[in-house]
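This is query-v1.pdb. It holds PDB, C-alpha atoms.
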MODEL        1
ATOM      1  CA  MET S   1      30.822  71.824  73.811  1.00  0.00           C
ATOM      2  CA  LYS S   2      31.984  68.322  74.753  1.00  0.00           C
ATOM      3  CA  PRO S   3      32.835  67.843  78.467  1.00  0.00           C
ATOM      4  CA  GLN S   4      36.541  67.389  79.200  1.00  0.00           C
ATOM      5  CA  THR S   5      37.395  63.895  80.427  1.00  0.00           C
ATOM      6  CA  LYS S   6      40.494  62.839  82.301  1.00  0.00           C
ATOM      7  CA  PRO S   7      42.874  60.417  80.561  1.00  0.00           C
ATOM      8  CA  VAL S   8      42.552  56.821  81.754  1.00  0.00           C
ATOM      9  CA  THR S   9      45.575  54.534  82.144  1.00  0.00           C
ATOM     10  CA  PHE S  10      44.799  50.857  82.626  1.00  0.00           C
ATOM     11  CA  PHE S  11      47.788  49.046  84.175  1.00  0.00           C
ATOM     12  CA  VAL S  12      47.971  45.247  83.822  1.00  0.00           C
ATOM     13  CA  ASP S  13      50.034  42.944  86.037  1.00  0.00           C
ATOM     14  CA  MET S  14      51.834  39.979  84.469  1.00  0.00           C
ATOM     15  CA  ASP S  15      52.403  37.245  87.109  1.00  0.00           C
ATOM     16  CA  GLY S  16      49.049  35.599  87.849  1.00  0.00           C
ATOM     17  CA  THR S  17      47.185  38.022  85.578  1.00  0.00           C
ATOM     18  CA  LEU S  18      48.448  37.955  81.975  1.00  0.00           C
ATOM     19  CA  ALA S  19      50.444  34.800  82.749  1.00  0.00           C
ATOM     20  CA  GLU S  20      49.446  31.835  84.857  1.00  0.00           C
ATOM     21  CA  TYR S  21      50.408  31.831  88.520  1.00  0.00           C
ATOM     22  CA  LYS S  22      52.291  28.907  89.987  1.00  0.00           C
ATOM     23  CA  SER S  23      52.697  28.469  93.712  1.00  0.00           C
ATOM     24  CA  VAL S  24      56.398  27.610  93.928  1.00  0.00           C
ATOM     25  CA  ASP S  25      59.301  27.875  96.318  1.00  0.00           C
ATOM     26  CA  ILE S  26      61.124  31.215  96.001  1.00  0.00           C
ATOM     27  CA  ARG S  27      64.193  29.404  94.621  1.00  0.00           C
ATOM     28  CA  ALA S  28      62.227  28.398  91.518  1.00  0.00           C
ATOM     29  CA  LEU S  29      61.791  32.074  90.629  1.00  0.00           C
ATOM     30  CA  TYR S  30      65.566  32.335  90.236  1.00  0.00           C
ATOM     31  CA  GLU S  31      65.778  29.463  87.748  1.00  0.00           C
ATOM     32  CA  PRO S  32      66.668  30.562  84.220  1.00  0.00           C
ATOM     33  CA  MET S  33      63.608  30.827  81.970  1.00  0.00           C
ATOM     34  CA  TYR S  34      61.135  30.421  84.864  1.00  0.00           C
ATOM     35  CA  PHE S  35      58.860  33.171  83.603  1.00  0.00           C
ATOM     36  CA  ALA S  36      59.313  32.238  79.938  1.00  0.00           C
ATOM     37  CA  ARG S  37      57.753  28.835  80.675  1.00  0.00           C
ATOM     38  CA  LEU S  38      54.557  30.272  82.163  1.00  0.00           C
ATOM     39  CA  LEU S  39      51.465  29.829  80.037  1.00  0.00           C
ATOM     40  CA  PRO S  40      49.349  32.831  79.097  1.00  0.00           C
ATOM     41  CA  ASN S  41      45.928  33.437  80.632  1.00  0.00           C
ATOM     42  CA  GLU S  42      44.471  33.572  77.132  1.00  0.00           C
ATOM     43  CA  ASN S  43      41.039  34.769  78.183  1.00  0.00           C
ATOM     44  CA  VAL S  44      42.505  37.705  80.089  1.00  0.00           C
ATOM     45  CA  ILE S  45      44.699  38.600  77.120  1.00  0.00           C
ATOM     46  CA  LYS S  46      41.673  38.481  74.789  1.00  0.00           C
ATOM     47  CA  GLY S  47      39.735  40.635  77.273  1.00  0.00           C
ATOM     48  CA  ILE S  48      42.532  43.241  77.234  1.00  0.00           C
ATOM     49  CA  GLN S  49      42.609  43.142  73.410  1.00  0.00           C
ATOM     50  CA  ASN S  50      38.847  43.658  73.387  1.00  0.00           C
ATOM     51  CA  LEU S  51      39.159  46.590  75.791  1.00  0.00           C
ATOM     52  CA  ILE S  52      41.822  48.213  73.590  1.00  0.00           C
ATOM     53  CA  SER S  53      39.858  47.769  70.370  1.00  0.00           C
ATOM     54  CA  SER S  54      36.556  48.992  71.827  1.00  0.00           C
ATOM     55  CA  HIS S  55      38.094  51.863  73.849  1.00  0.00           C
ATOM     56  CA  PRO S  56      41.200  53.209  72.092  1.00  0.00           C
ATOM     57  CA  GLU S  57      41.051  56.294  74.329  1.00  0.00           C
ATOM     58  CA  ILE S  58      42.205  54.132  77.272  1.00  0.00           C
ATOM     59  CA  SER S  59      45.973  53.740  77.513  1.00  0.00           C
ATOM     60  CA  VAL S  60      46.918  50.174  78.501  1.00  0.00           C
ATOM     61  CA  GLN S  61      50.345  49.535  80.047  1.00  0.00           C
ATOM     62  CA  VAL S  62      52.020  46.544  81.686  1.00  0.00           C
ATOM     63  CA  LEU S  63      53.064  47.108  85.317  1.00  0.00           C
ATOM     64  CA  SER S  64      54.913  44.128  86.742  1.00  0.00           C
ATOM     65  CA  CYS S  65      57.269  43.353  89.618  1.00  0.00           C
ATOM     66  CA  VAL S  66      60.646  41.701  89.152  1.00  0.00           C
ATOM     67  CA  LEU S  67      63.192  40.253  91.529  1.00  0.00           C
ATOM     68  CA  ALA S  68      65.843  42.982  91.461  1.00  0.00           C
ATOM     69  CA  ASP S  69      68.626  40.512  92.209  1.00  0.00           C
ATOM     70  CA  ARG S  70      67.642  38.034  89.489  1.00  0.00           C
ATOM     71  CA  PRO S  71      69.751  38.494  86.353  1.00  0.00           C
ATOM     72  CA  GLY S  72      67.739  38.653  83.142  1.00  0.00           C
ATOM     73  CA  ALA S  73      64.328  38.990  84.832  1.00  0.00           C
ATOM     74  CA  ILE S  74      63.225  42.017  82.799  1.00  0.00           C
ATOM     75  CA  GLU S  75      64.512  40.583  79.504  1.00  0.00           C
ATOM     76  CA  GLU S  76      62.668  37.334  80.186  1.00  0.00           C
ATOM     77  CA  LYS S  77      59.406  39.166  80.845  1.00  0.00           C
ATOM     78  CA  MET S  78      59.891  41.312  77.735  1.00  0.00           C
ATOM     79  CA  ASP S  79      60.424  38.151  75.663  1.00  0.00           C
ATOM     80  CA  TRP S  80      57.232  36.690  77.125  1.00  0.00           C
ATOM     81  CA  LEU S  81      55.312  39.856  76.190  1.00  0.00           C
ATOM     82  CA  LYS S  82      56.716  39.778  72.639  1.00  0.00           C
ATOM     83  CA  ARG S  83      55.578  36.167  72.330  1.00  0.00           C
ATOM     84  CA  TYR S  84      52.084  36.421  73.827  1.00  0.00           C
ATOM     85  CA  CYS S  85      51.105  40.121  73.990  1.00  0.00           C
ATOM     86  CA  PRO S  86      53.015  42.104  71.369  1.00  0.00           C
ATOM     87  CA  PHE S  87      50.122  44.586  71.211  1.00  0.00           C
ATOM     88  CA  LEU S  88      50.990  45.639  74.798  1.00  0.00           C
ATOM     89  CA  LEU S  89      54.445  46.813  73.774  1.00  0.00           C
ATOM     90  CA  GLU S  90      53.069  50.016  72.198  1.00  0.00           C
ATOM     91  CA  CYS S  91      53.350  51.578  75.674  1.00  0.00           C
ATOM     92  CA  THR S  92      56.669  50.726  77.316  1.00  0.00           C
ATOM     93  CA  PRO S  93      56.124  48.157  80.082  1.00  0.00           C
ATOM     94  CA  CYS S  94      57.053  49.300  83.562  1.00  0.00           C
ATOM     95  CA  PHE S  95      58.982  46.907  85.786  1.00  0.00           C
ATOM     96  CA  ILE S  96      59.452  47.665  89.473  1.00  0.00           C
ATOM     97  CA  PRO S  97      61.191  45.732  92.270  1.00  0.00           C
ATOM     98  CA  CYS S  98      59.082  43.155  94.135  1.00  0.00           C
ATOM     99  CA  GLY S  99      57.517  44.758  97.166  1.00  0.00           C
ATOM    100  CA  ALA S 100      57.479  48.270  95.681  1.00  0.00           C
ATOM    101  CA  ASN S 101      54.199  50.185  95.715  1.00  0.00           C
ATOM    102  CA  LYS S 102      52.641  50.038  92.254  1.00  0.00           C
ATOM    103  CA  GLY S 103      50.743  53.230  93.097  1.00  0.00           C
ATOM    104  CA  ALA S 104      54.011  55.169  92.819  1.00  0.00           C
ATOM    105  CA  ILE S 105      53.826  54.611  89.037  1.00  0.00           C
ATOM    106  CA  ALA S 106      50.313  56.051  88.720  1.00  0.00           C
ATOM    107  CA  LYS S 107      49.939  59.194  86.694  1.00  0.00           C
ATOM    108  CA  ASP S 108      48.937  62.360  88.576  1.00  0.00           C
ATOM    109  CA  ASP S 109      46.974  63.915  85.726  1.00  0.00           C
ATOM    110  CA  GLY S 110      44.356  61.253  85.110  1.00  0.00           C
ATOM    111  CA  ILE S 111      42.555  58.158  86.254  1.00  0.00           C
ATOM    112  CA  ASN S 112      44.558  55.001  86.955  1.00  0.00           C
ATOM    113  CA  ILE S 113      43.217  51.446  87.033  1.00  0.00           C
ATOM    114  CA  LEU S 114      45.243  48.368  88.059  1.00  0.00           C
ATOM    115  CA  LEU S 115      44.255  44.810  87.097  1.00  0.00           C
ATOM    116  CA  ASP S 116      46.155  42.534  89.488  1.00  0.00           C
ATOM    117  CA  ASP S 117      45.705  39.216  91.284  1.00  0.00           C
ATOM    118  CA  HIS S 118      47.434  40.259  94.514  1.00  0.00           C
ATOM    119  CA  SER S 119      45.268  42.106  97.067  1.00  0.00           C
ATOM    120  CA  PRO S 120      48.105  43.999  98.804  1.00  0.00           C
ATOM    121  CA  ASN S 121      49.124  45.508  95.439  1.00  0.00           C
ATOM    122  CA  LEU S 122      45.533  46.621  94.842  1.00  0.00           C
ATOM    123  CA  ILE S 123      45.125  48.067  98.323  1.00  0.00           C
ATOM    124  CA  GLU S 124      48.344  50.102  98.090  1.00  0.00           C
ATOM    125  CA  PHE S 125      47.537  51.248  94.551  1.00  0.00           C
ATOM    126  CA  SER S 126      43.995  52.297  95.463  1.00  0.00           C
ATOM    127  CA  ALA S 127      45.179  54.421  98.395  1.00  0.00           C
ATOM    128  CA  ARG S 128      45.703  57.288  95.941  1.00  0.00           C
ATOM    129  CA  ASP S 129      42.606  59.356  95.158  1.00  0.00           C
ATOM    130  CA  ASN S 130      42.870  58.901  91.392  1.00  0.00           C
ATOM    131  CA  CYS S 131      43.576  55.138  91.488  1.00  0.00           C
ATOM    132  CA  ARG S 132      41.288  52.117  91.546  1.00  0.00           C
ATOM    133  CA  GLY S 133      41.968  48.405  91.373  1.00  0.00           C
ATOM    134  CA  ILE S 134      40.326  45.360  89.842  1.00  0.00           C
ATOM    135  CA  LYS S 135      41.149  41.961  91.306  1.00  0.00           C
ATOM    136  CA  LEU S 136      41.652  39.120  88.860  1.00  0.00           C
ATOM    137  CA  LEU S 137      40.547  35.817  90.342  1.00  0.00           C
ATOM    138  CA  ASN S 138      42.935  33.349  88.736  1.00  0.00           C
ATOM    139  CA  GLY S 139      41.897  29.959  90.122  1.00  0.00           C
ATOM    140  CA  ILE S 140      44.480  30.074  92.910  1.00  0.00           C
ATOM    141  CA  ASN S 141      43.363  33.235  94.696  1.00  0.00           C
ATOM    142  CA  GLY S 142      39.699  32.543  93.968  1.00  0.00           C
ATOM    143  CA  GLU S 143      37.158  31.116  91.583  1.00  0.00           C
ATOM    144  CA  GLY S 144      33.890  32.734  90.581  1.00  0.00           C
ATOM    145  CA  ASN S 145      32.710  34.710  93.594  1.00  0.00           C
ATOM    146  CA  LYS S 146      34.770  32.687  96.080  1.00  0.00           C
ATOM    147  CA  ILE S 147      37.997  34.449  96.995  1.00  0.00           C
ATOM    148  CA  VAL S 148      40.932  32.980  98.846  1.00  0.00           C
ATOM    149  CA  CYS S 149      42.676  35.842 100.637  1.00  0.00           C
ATOM    150  CA  HIS S 150      46.014  35.087 102.214  1.00  0.00           C
ATOM    151  CA  THR S 151      47.050  38.518 103.426  1.00  0.00           C
ATOM    152  CA  ALA S 152      44.397  41.122 102.724  1.00  0.00           C
ATOM    153  CA  GLU S 153      40.772  41.291 101.724  1.00  0.00           C
ATOM    154  CA  TRP S 154      39.786  42.989  98.467  1.00  0.00           C
ATOM    155  CA  LEU S 155      36.157  44.063  98.621  1.00  0.00           C
ATOM    156  CA  ARG S 156      35.885  46.066  95.412  1.00  0.00           C
ATOM    157  CA  VAL S 157      35.667  45.138  91.717  1.00  0.00           C
ATOM    158  CA  LYS S 158      36.619  41.533  90.867  1.00  0.00           C
ATOM    159  CA  VAL S 159      36.684  39.590  87.597  1.00  0.00           C
ATOM    160  CA  TYR S 160      37.292  35.892  87.025  1.00  0.00           C
ATOM    161  CA  ARG S 161      39.849  34.882  84.407  1.00  0.00           C
ATOM    162  CA  ASP S 162      37.507  32.327  82.803  1.00  0.00           C
ATOM    163  CA  ASN S 163      34.639  34.768  82.204  1.00  0.00           C
ATOM    164  CA  ASN S 164      33.711  35.265  78.575  1.00  0.00           C
ATOM    165  CA  ILE S 165      35.536  38.071  76.783  1.00  0.00           C
ATOM    166  CA  SER S 166      32.744  40.664  76.877  1.00  0.00           C
ATOM    167  CA  CYS S 167      32.160  39.943  80.573  1.00  0.00           C
ATOM    168  CA  LEU S 168      35.872  40.522  81.270  1.00  0.00           C
ATOM    169  CA  ARG S 169      35.857  43.760  79.256  1.00  0.00           C
ATOM    170  CA  ASN S 170      32.759  44.961  81.122  1.00  0.00           C
ATOM    171  CA  GLY S 171      34.450  44.143  84.420  1.00  0.00           C
ATOM    172  CA  PHE S 172      37.484  46.142  83.340  1.00  0.00           C
ATOM    173  CA  LEU S 173      35.228  49.035  82.368  1.00  0.00           C
ATOM    174  CA  SER S 174      33.364  48.919  85.681  1.00  0.00           C
ATOM    175  CA  GLY S 175      36.698  49.646  87.324  1.00  0.00           C
ATOM    176  CA  SER S 176      37.132  52.601  84.976  1.00  0.00           C
ATOM    177  CA  VAL S 177      33.664  53.915  85.756  1.00  0.00           C
ATOM    178  CA  LEU S 178      34.186  53.507  89.502  1.00  0.00           C
ATOM    179  CA  ALA S 179      37.502  55.308  89.223  1.00  0.00           C
ATOM    180  CA  MET S 180      35.674  58.436  88.119  1.00  0.00           C
ATOM    181  CA  VAL S 181      33.597  58.484  91.293  1.00  0.00           C
ATOM    182  CA  PRO S 182      35.126  59.929  94.470  1.00  0.00           C
ATOM    183  CA  ILE S 183      35.963  57.308  97.094  1.00  0.00           C
ATOM    184  CA  GLY S 184      33.080  58.445  99.291  1.00  0.00           C
ATOM    185  CA  GLY S 185      30.674  58.111  96.319  1.00  0.00           C
ATOM    186  CA  LEU S 186      30.091  54.478  95.395  1.00  0.00           C
ATOM    187  CA  LEU S 187      32.924  52.545  96.969  1.00  0.00           C
TER     188      LEU S 187
ENDMDL
END
Output the file's structure in the form of structure tokens.
Amino acid sequence: MKPQTKPVTFFVDMDGTLAEYKSVDIRALYEPMYFARLLPNENVIKGIQNLISSHPEISVQVLSCVLADRPGAIEEKMDWLKRYCPFLLECTPCFIPCGANKGAIAKDDGINILLDDHSPNLIEFSARDNCRGIKLLNGINGEGNKIVCHTAEWLRVKVYRDNNISCLRNGFLSGSVLAMVPIGGLL
């Protein structure tokens, strides 16, 4: 008899993770088409595609924050996904207000992984017993093993956006493996 495994949901952030991150004044975020002009982090996207094709049992879903008072923010992000990551639209993307706890979206009945570039998001998400985070180093918040932390330190799994595709996928999977271990176990 095959052992029962818990379902795994792999959440992926957009700003600074799937798409490039730009350090801009808050007013720029309100400009029409701001997000639409961001370039994709192609290596990260290829790593996610590789994860999906090699592990179809893992559900991959976009989890991104939006400025609640910015008209058209969700539509703009959806257009960006259709353009660069149409394969991620099989599971409906989840958009939450900026500042909201991404852990509130986690599923109770399985294992949840979040790939994000922002340490506070990862720390809040990982506070739940069935949630783990993977920090994407995107060239602004860190390069290689050097991390620039502005508000909080992330001491767990990290991957660099310019790693080769199999290295990214293996980093994503290490988060999945660690998620199956109780917090007191390996972390």
List the residues matched by the PyMOL selection byres ((chain S and resi 105-119) around 7) in the displayed structure as number ranges by chain, ordered by chain and then by residue number. S: 6-13, 16-17, 102-104, 120-123, 130-138, 152-154, 175-176, 179
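What separates CA of Asp25 (chain S) from CA of Pro93 (chain S) is a distance of 26.2 Å.
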Determine the residue set returned by the PyMOL selection byres ((chain S and resi 32) around 10) for the present structure, and present it as a list in words. Ala28, Leu29, Tyr30, Glu31, Met33, Tyr34, Phe35, Ala36, Arg37, Arg70, Pro71, Gly72, Ala73 and Glu76 of chain S
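One finds CA of Ala19 (chain S) at 8.3 Å from CA of Glu42 (chain S).
For the pair CA of Glu75 (chain S) and CA of Ile52 (chain S), the interatomic distance is 24.7 Å.
Here the selection is built from all atoms listed in the file, and the residues within 12 Å of (52.7, 36.5, 72.5) turn out to be Leu18, Ala19, Ala36, Leu38, Leu39, Pro40, Asn41, Glu42, Ile45, Lys46, Lys77, Met78, Asp79, Trp80, Leu81, Lys82, Arg83, Tyr84, Cys85, Pro86, Phe87, Leu88 and Leu89 of chain S.
Shell of Leu67 (chain S) at 6 Å, with only C-alpha atoms counted and residues fewer than 2 places along the chain excluded, is Asp69, Arg70, Pro97 and Cys98 of chain S.
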Nearest to Val44 (chain S), restricted to only C-alpha atoms and choosing among S:Glu124, S:Glu90, S:Glu20, S:Asp129, comes out as S:Glu20
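Considering the residues S:Ala127, S:Val24, S:Ile96, S:Cys91 and counting all atoms listed in the file, Ser59 (chain S) has its shortest atom-to-atom contact with S:Cys91.
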Working from the structure I just supplied, which lacks atoms in region 40-63 of chain S, can you model N, CA and C atoms there and output them as a PDB file, keeping the file's coordinate frame?
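The new file selection-v5.pdb reads:
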ATOM      1  N   PRO S  40      50.158  31.611  79.046  1.00  0.00           N
ATOM      2  CA  PRO S  40      49.349  32.831  79.097  1.00  0.00           C
ATOM      3  C   PRO S  40      47.944  32.525  79.618  1.00  0.00           C
ATOM      4  N   ASN S  41      47.357  33.491  80.307  1.00  0.00           N
ATOM      5  CA  ASN S  41      45.928  33.437  80.632  1.00  0.00           C
ATOM      6  C   ASN S  41      45.223  34.010  79.406  1.00  0.00           C
ATOM      7  N   GLU S  42      44.954  33.129  78.445  1.00  0.00           N
ATOM      8  CA  GLU S  42      44.471  33.572  77.132  1.00  0.00           C
ATOM      9  C   GLU S  42      43.196  34.388  77.204  1.00  0.00           C
ATOM     10  N   ASN S  43      42.297  34.026  78.078  1.00  0.00           N
ATOM     11  CA  ASN S  43      41.039  34.769  78.183  1.00  0.00           C
ATOM     12  C   ASN S  43      41.275  36.197  78.656  1.00  0.00           C
ATOM     13  N   VAL S  44      42.182  36.365  79.599  1.00  0.00           N
ATOM     14  CA  VAL S  44      42.505  37.705  80.089  1.00  0.00           C
ATOM     15  C   VAL S  44      43.139  38.521  78.967  1.00  0.00           C
ATOM     16  N   ILE S  45      44.045  37.909  78.230  1.00  0.00           N
ATOM     17  CA  ILE S  45      44.699  38.600  77.120  1.00  0.00           C
ATOM     18  C   ILE S  45      43.659  39.021  76.078  1.00  0.00           C
ATOM     19  N   LYS S  46      42.738  38.136  75.757  1.00  0.00           N
ATOM     20  CA  LYS S  46      41.673  38.481  74.789  1.00  0.00           C
ATOM     21  C   LYS S  46      40.787  39.594  75.342  1.00  0.00           C
ATOM     22  N   GLY S  47      40.529  39.570  76.654  1.00  0.00           N
ATOM     23  CA  GLY S  47      39.735  40.635  77.273  1.00  0.00           C
ATOM     24  C   GLY S  47      40.428  41.981  77.173  1.00  0.00           C
ATOM     25  N   ILE S  48      41.749  42.000  77.363  1.00  0.00           N
ATOM     26  CA  ILE S  48      42.532  43.241  77.234  1.00  0.00           C
ATOM     27  C   ILE S  48      42.510  43.710  75.778  1.00  0.00           C
ATOM     28  N   GLN S  49      42.679  42.778  74.829  1.00  0.00           N
ATOM     29  CA  GLN S  49      42.609  43.142  73.410  1.00  0.00           C
ATOM     30  C   GLN S  49      41.247  43.744  73.075  1.00  0.00           C
ATOM     31  N   ASN S  50      40.201  43.159  73.622  1.00  0.00           N
ATOM     32  CA  ASN S  50      38.847  43.658  73.387  1.00  0.00           C
ATOM     33  C   ASN S  50      38.677  45.052  73.977  1.00  0.00           C
ATOM     34  N   LEU S  51      39.213  45.272  75.155  1.00  0.00           N
ATOM     35  CA  LEU S  51      39.159  46.590  75.791  1.00  0.00           C
ATOM     36  C   LEU S  51      39.863  47.629  74.913  1.00  0.00           C
ATOM     37  N   ILE S  52      41.047  47.286  74.419  1.00  0.00           N
ATOM     38  CA  ILE S  52      41.822  48.213  73.590  1.00  0.00           C
ATOM     39  C   ILE S  52      41.083  48.540  72.293  1.00  0.00           C
ATOM     40  N   SER S  53      40.524  47.517  71.657  1.00  0.00           N
ATOM     41  CA  SER S  53      39.858  47.769  70.370  1.00  0.00           C
ATOM     42  C   SER S  53      38.542  48.526  70.535  1.00  0.00           C
ATOM     43  N   SER S  54      37.839  48.303  71.638  1.00  0.00           N
ATOM     44  CA  SER S  54      36.556  48.992  71.827  1.00  0.00           C
ATOM     45  C   SER S  54      36.704  50.345  72.521  1.00  0.00           C
ATOM     46  N   HIS S  55      37.849  50.592  73.147  1.00  0.00           N
ATOM     47  CA  HIS S  55      38.094  51.863  73.849  1.00  0.00           C
ATOM     48  C   HIS S  55      39.521  52.338  73.615  1.00  0.00           C
ATOM     49  N   PRO S  56      39.831  52.787  72.393  1.00  0.00           N
ATOM     50  CA  PRO S  56      41.200  53.209  72.092  1.00  0.00           C
ATOM     51  C   PRO S  56      41.638  54.437  72.891  1.00  0.00           C
ATOM     52  N   GLU S  57      40.692  55.131  73.515  1.00  0.00           N
ATOM     53  CA  GLU S  57      41.051  56.294  74.329  1.00  0.00           C
ATOM     54  C   GLU S  57      41.691  55.897  75.661  1.00  0.00           C
ATOM     55  N   ILE S  58      41.594  54.616  76.038  1.00  0.00           N
ATOM     56  CA  ILE S  58      42.205  54.132  77.272  1.00  0.00           C
ATOM     57  C   ILE S  58      43.610  53.634  76.962  1.00  0.00           C
ATOM     58  N   SER S  59      44.585  54.173  77.664  1.00  0.00           N
ATOM     59  CA  SER S  59      45.973  53.740  77.513  1.00  0.00           C
ATOM     60  C   SER S  59      46.180  52.494  78.374  1.00  0.00           C
ATOM     61  N   VAL S  60      46.682  51.420  77.774  1.00  0.00           N
ATOM     62  CA  VAL S  60      46.918  50.174  78.501  1.00  0.00           C
ATOM     63  C   VAL S  60      48.427  49.948  78.584  1.00  0.00           C
ATOM     64  N   GLN S  61      48.907  49.688  79.815  1.00  0.00           N
ATOM     65  CA  GLN S  61      50.345  49.535  80.047  1.00  0.00           C
ATOM     66  C   GLN S  61      50.603  48.409  81.042  1.00  0.00           C
ATOM     67  N   VAL S  62      51.612  47.611  80.771  1.00  0.00           N
ATOM     68  CA  VAL S  62      52.020  46.544  81.686  1.00  0.00           C
ATOM     69  C   VAL S  62      52.756  47.162  82.872  1.00  0.00           C
ATOM     70  N   LEU S  63      52.397  46.697  84.081  1.00  0.00           N
ATOM     71  CA  LEU S  63      53.064  47.108  85.317  1.00  0.00           C
ATOM     72  C   LEU S  63      53.324  45.835  86.117  1.00  0.00           C
TER      73      LEU S  63
END
